[in-house]
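J.: Below is my_file07.txt; it holds compact mmCIF, C-alpha atoms.
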# COMPACT_ATOMS: atom_id res chain seq x y z
CA MET A 1 49.12 -24.09 -30.68
CA MET A 2 51.33 -21.56 -28.94
CA LYS A 3 49.25 -18.54 -30.05
CA PRO A 4 45.93 -19.72 -28.50
CA LEU A 5 47.71 -20.59 -25.26
CA LEU A 6 49.35 -17.16 -25.20
CA LEU A 7 46.02 -15.46 -25.91
CA PHE A 8 44.54 -17.32 -22.96
CA LEU A 9 47.40 -16.72 -20.53
CA LEU A 10 48.08 -13.08 -21.40
CA PRO A 11 44.78 -11.74 -19.96
CA LEU A 12 45.26 -13.84 -16.82
CA LEU A 13 48.72 -12.43 -16.36
CA PHE A 14 47.43 -8.92 -16.95
CA CYS A 15 44.71 -9.38 -14.32
CA ALA A 16 47.17 -10.77 -11.80
CA CYS A 17 49.58 -7.88 -12.32
CA GLY A 18 46.86 -5.26 -12.49
CA GLY A 19 46.22 -5.35 -8.77
CA ARG A 20 43.82 -7.08 -6.45
CA GLN A 21 40.96 -4.65 -6.98
CA GLN A 22 39.73 -6.33 -10.14
CA LEU A 23 39.81 -9.82 -8.63
CA LYS A 24 38.17 -8.63 -5.42
CA SER A 25 35.25 -7.06 -7.25
CA PHE A 26 34.83 -10.21 -9.30
CA ASN A 27 34.37 -12.26 -6.11
CA ASN A 28 31.88 -9.82 -4.56
CA VAL A 29 29.07 -9.97 -7.07
CA ILE A 30 25.92 -8.18 -5.95
CA THR A 31 22.79 -10.21 -6.62
CA ALA A 32 19.32 -8.87 -7.42
CA ASP A 33 18.29 -9.50 -3.80
CA ASP A 34 21.32 -7.58 -2.52
CA SER A 35 20.59 -4.58 -4.71
CA LEU A 36 16.88 -4.70 -3.78
CA ASN A 37 17.81 -4.89 -0.10
CA ILE A 38 20.14 -1.90 -0.46
CA GLU A 39 17.47 0.07 -2.31
CA LEU A 40 14.65 -0.79 0.11
CA SER A 41 16.70 -0.08 3.22
CA LYS A 42 17.45 3.48 1.98
CA SER A 43 13.77 4.44 2.01
CA THR A 44 12.09 7.29 3.81
CA LEU A 45 8.89 6.77 5.78
CA MET A 46 5.89 8.65 4.40
CA LYS A 47 2.94 9.63 6.58
CA TYR A 48 -0.63 8.77 5.60
CA HIS A 49 -3.80 9.27 7.64
CA SER A 50 -6.56 6.75 6.97
CA ASP A 51 -9.97 8.12 7.92
CA LYS A 52 -11.63 4.76 7.31
CA LEU A 53 -9.24 2.97 9.70
CA GLY A 54 -8.71 5.85 12.10
CA LEU A 55 -4.97 5.26 11.83
CA ASP A 56 -1.90 7.30 11.09
CA ILE A 57 0.23 5.03 8.92
CA GLU A 58 3.89 5.43 8.12
CA TYR A 59 5.01 3.47 5.05
CA PRO A 60 8.22 3.27 3.00
CA ASP A 61 8.33 5.74 0.09
CA TYR A 62 8.97 3.07 -2.56
CA LEU A 63 5.45 1.70 -1.96
CA ARG A 64 2.39 3.20 -3.66
CA HIS A 65 -0.98 3.59 -1.99
CA GLN A 66 -3.80 1.65 -3.63
CA TYR A 67 -7.18 3.32 -3.28
CA LEU A 68 -9.89 0.86 -2.19
CA GLU A 69 -13.46 2.10 -1.91
CA ASP A 70 -14.89 -0.53 0.38
CA GLY A 71 -13.66 -2.45 3.31
CA GLN A 72 -11.59 -1.61 6.28
CA MET A 73 -8.22 -1.93 4.56
CA GLU A 74 -5.38 0.21 3.26
CA VAL A 75 -2.84 -1.33 0.87
CA PHE A 76 0.60 -0.06 -0.10
CA PHE A 77 2.42 -2.03 -2.82
CA ASN A 78 5.31 -2.21 -5.26
CA ASP A 79 5.44 -5.00 -7.84
CA ASP A 80 5.65 -8.27 -5.92
CA LEU A 81 5.40 -6.98 -2.34
CA SER A 82 2.68 -5.27 -0.36
CA LEU A 83 1.83 -3.94 3.08
CA SER A 84 -1.82 -4.17 4.11
CA PHE A 85 -3.39 -2.52 7.13
CA MET A 86 -6.78 -3.71 8.40
CA GLU A 87 -8.94 -2.76 11.33
CA GLN A 88 -11.75 -4.59 13.09
CA GLN A 89 -13.75 -2.86 15.82
CA LEU A 90 -14.27 -4.64 19.14
CA TYR A 91 -17.50 -3.43 20.66
CA LYS A 92 -20.40 -5.02 22.45
CA GLY A 93 -22.43 -6.94 19.91
CA ALA A 94 -19.66 -6.99 17.31
CA ASP A 95 -20.02 -9.94 15.00
CA ILE A 96 -16.53 -11.46 15.31
CA PHE A 97 -16.46 -15.16 14.66
CA ARG A 98 -12.67 -15.52 14.57
CA THR A 99 -9.94 -13.00 15.28
CA PRO A 100 -7.32 -12.35 12.57
CA GLY A 101 -4.80 -14.35 14.60
CA GLN A 102 -7.17 -17.32 14.71
CA GLN A 103 -7.75 -16.97 10.96
CA PHE A 104 -3.98 -17.06 10.31
CA MET A 105 -3.64 -20.17 12.45
CA GLY A 106 -6.56 -21.75 10.57
CA MET A 107 -4.70 -21.11 7.29
CA GLY A 108 -1.68 -23.01 8.62
CA ALA A 109 0.36 -20.00 9.72
CA GLU A 110 3.06 -20.38 12.32
CA LEU A 111 2.77 -18.31 15.48
CA LEU A 112 6.21 -16.72 15.91
CA GLU A 113 5.60 -14.54 18.93
CA ALA A 114 2.78 -13.51 21.25
CA GLY A 115 2.64 -10.68 23.75
CA ASP A 116 -0.07 -9.23 25.98
CA ASP A 117 -1.54 -7.16 23.16
CA TYR A 118 -0.10 -8.59 19.92
CA SER A 119 0.78 -11.72 17.99
CA ILE A 120 3.10 -12.29 15.03
CA HIS A 121 2.44 -14.93 12.38
CA THR A 122 4.17 -16.19 9.26
CA GLY A 123 2.91 -18.41 6.52
CA GLN A 124 2.28 -18.91 2.84
CA GLU A 125 -0.77 -18.11 0.74
CA GLY A 126 -0.59 -19.15 -2.90
CA ASP A 127 2.72 -18.03 -4.40
CA PHE A 128 3.32 -15.46 -1.64
CA GLU A 129 4.78 -15.69 1.83
CA TYR A 130 3.48 -13.36 4.49
CA TYR A 131 4.56 -11.94 7.82
CA ALA A 132 1.76 -10.46 9.91
CA LYS A 133 1.22 -8.70 13.19
CA VAL A 134 -2.15 -8.50 14.95
CA ILE A 135 -2.46 -5.77 17.58
CA ASP A 136 -5.27 -5.71 20.15
CA ASP A 137 -5.69 -2.25 21.68
CA SER A 138 -8.86 -3.37 23.59
CA THR A 139 -11.19 -1.37 21.29
CA ARG A 140 -10.12 -2.87 17.97
CA LEU A 141 -7.83 -5.34 16.25
CA VAL A 142 -5.31 -3.87 13.81
CA THR A 143 -3.59 -6.28 11.42
CA ILE A 144 -0.50 -5.45 9.37
CA ILE A 145 0.46 -7.96 6.68
CA LEU A 146 3.62 -7.99 4.58
CA ARG A 147 3.28 -10.18 1.46
CA TYR A 148 6.24 -11.03 -0.78
CA LEU A 149 7.51 -13.68 -3.16
CA PRO A 150 9.74 -16.28 -1.46
CA ASP A 151 12.78 -15.34 -3.56
CA ARG A 152 12.59 -11.84 -2.02
CA ALA A 153 12.64 -13.13 1.57
CA GLU A 154 16.14 -11.83 2.30
CA ALA A 155 15.50 -8.48 0.63
CA VAL A 156 12.48 -7.72 2.84
CA ASP A 157 14.17 -8.36 6.19
CA HIS A 158 13.91 -4.69 7.14
CA LEU A 159 10.18 -4.70 6.24
CA ARG A 160 9.60 -7.70 8.53
CA GLN A 161 11.33 -5.68 11.26
CA TYR A 162 9.07 -2.71 10.41
CA VAL A 163 5.96 -4.93 10.82
CA HIS A 164 7.36 -6.48 14.00
CA ASP A 165 8.00 -3.05 15.56
CA TYR A 166 4.76 -1.41 14.27
CA LYS A 167 2.76 0.40 16.94
CA ILE A 168 -0.69 1.96 16.60
CA ARG A 169 -0.36 5.73 16.35
How does the structure come out when it is put into C-alpha cells?
T.:
Amino acid sequence: MMKPLLLFLLPLLFCACGGRQQLKSFNNVITADDSLNIELSKSTLMKYHSDKLGLDIEYPDYLRHQYLEDGQMEVFFNDDLSLSFMEQQLYKGADIFRTPGQQFMGMGAELLEAGDDYSIHTGQEGDFEYYAKVIDDSTRLVTIILRYLPDRAEAVDHLRQYVHDYKIR
C-alpha cells in the first residue's frame, strides 16, 4: 500500500520542487483555435489583379486562389474557410432585382453596420457562418464574403476585421 502511494506522491513532489515553469505551462494549454489564430495572424498580404472584376485584391498568403471560368467572382480558400469577391455593375438598364445586401437580409442575415456606401452582414448558410461587406461605389456593387465553420469563429477574428476594413482599390 505504501509503494503505490509513494509512486503517486513522488512525481507531484518533484513537480512542485522543480519550479513553477512546468505548472504554468500546464495551465496555459494552446487550443487548435489559438494556434490557428496565431498562424493566420502572421500572414502576409498577396496582391492579385482580377481582370474580370476590375479589382486589385489583397489576400492573406495562406489562402489559395481558385480559378473560376465563368461568373463575376474570385475565390480564395484554405480548407474550411474562404474569401469571395464579387462584382455587379450598376448601369442604366442593368437587370438588378435585388442588391447583395437585400439578398443577405432575405436569407436571414443580420445587418451589423451600414454606412453611406457600404453595409456589413453576418449570418449562417448551411454548416458555414459568413461575414460580408457590400460596397457601393456608384458604378458597381462589390461584395466580399468570409465563410468559415462556427468552431473557427474566434480564429478568424482578424479576417473579419480585414473584410470590415476592405476598400476598393
J.: I'd like to know which of A:Asp117, A:Glu154, A:Glu58, A:Glu110 is closest to A:Asp136, using all atoms listed in the file.
T.: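 Once distances to A:Asp136 are computed over all atoms listed in the file, the minimum belongs to A:Asp117.
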J.: Nearest residue to A:Thr143 out of A:Gly54, A:Gly101, A:Gly126, A:Pro60, using all atoms listed in the file?
T.: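 Smallest distance to A:Thr143 is found for A:Gly101.
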J.: Identify, on the basis of only C-alpha atoms, every residue whose closest approach to A:Tyr130 does not exceed 6 Å; exclude the query and any residue fewer than 2 positions from it along the same chain; express the result as an MDAnalysis selection string.
T.: chainID A and resid 122:124 146:147
J.: Restricting it to C-alpha atoms, dump the selection as an mmCIF file, keeping the file's coordinate frame.
T.:
data_model
loop_
_atom_site.group_PDB
_atom_site.id
_atom_site.type_symbol
_atom_site.label_atom_id
_atom_site.label_comp_id
_atom_site.auth_asym_id
_atom_site.auth_seq_id
_atom_site.Cartn_x
_atom_site.Cartn_y
_atom_site.Cartn_z
ATOM 1 C CA THR A 122 4.170 -16.190 9.260
ATOM 2 C CA GLY A 123 2.910 -18.410 6.520
ATOM 3 C CA GLN A 124 2.280 -18.910 2.840
ATOM 4 C CA LEU A 146 3.620 -7.990 4.580
ATOM 5 C CA ARG A 147 3.280 -10.180 1.460
#
J.: In terms of the shortest atom-to-atom distance over only C-alpha atoms, which of A:Met86, A:Leu141, A:Leu159, A:Ile120 is closest to A:Leu63?
T.: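 Among A:Met86, A:Leu141, A:Leu159, A:Ile120, it is A:Leu159 that comes nearest to A:Leu63.
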J.: In Å to one decimal, how far is atom CA of A:Lys52 from atom CA of A:Glu74?
T.: 8.7 Å
J.: Quick one: of A:Val156, A:Leu90, A:Ala114, A:Met73, who's nearest to A:Ser138, counting all atoms listed in the file?
T.: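 Ranking A:Val156, A:Leu90, A:Ala114, A:Met73 by distance to A:Ser138, first place goes to A:Leu90.
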J.: Separation of atom CA of A:Glu129 and atom CA of A:Gln161, in Å?
T.: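 One can read the atom CA of A:Glu129 to atom CA of A:Gln161 distance as 15.2 Å.
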J.: Please measure the separation of atom CA of A:His65 and atom CA of A:Ala153, giving the value in Å to one decimal.
T.: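 Atom-to-atom, atom CA of A:His65 and atom CA of A:Ala153 are spaced 21.9 Å apart.
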J.: Kindly indicate which residue among A:Leu112, A:Glu87, A:Lys133, A:Leu68 lies nearest to A:Leu55, using only C-alpha atoms for the distances.
T.: A:Glu87
J.: Quick one: of A:Thr139, A:His158, A:Met107, A:Leu53, who's nearest to A:Glu125, counting only C-alpha atoms?
T.: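 Among A:Thr139, A:His158, A:Met107, A:Leu53, it is A:Met107 that comes nearest to A:Glu125.
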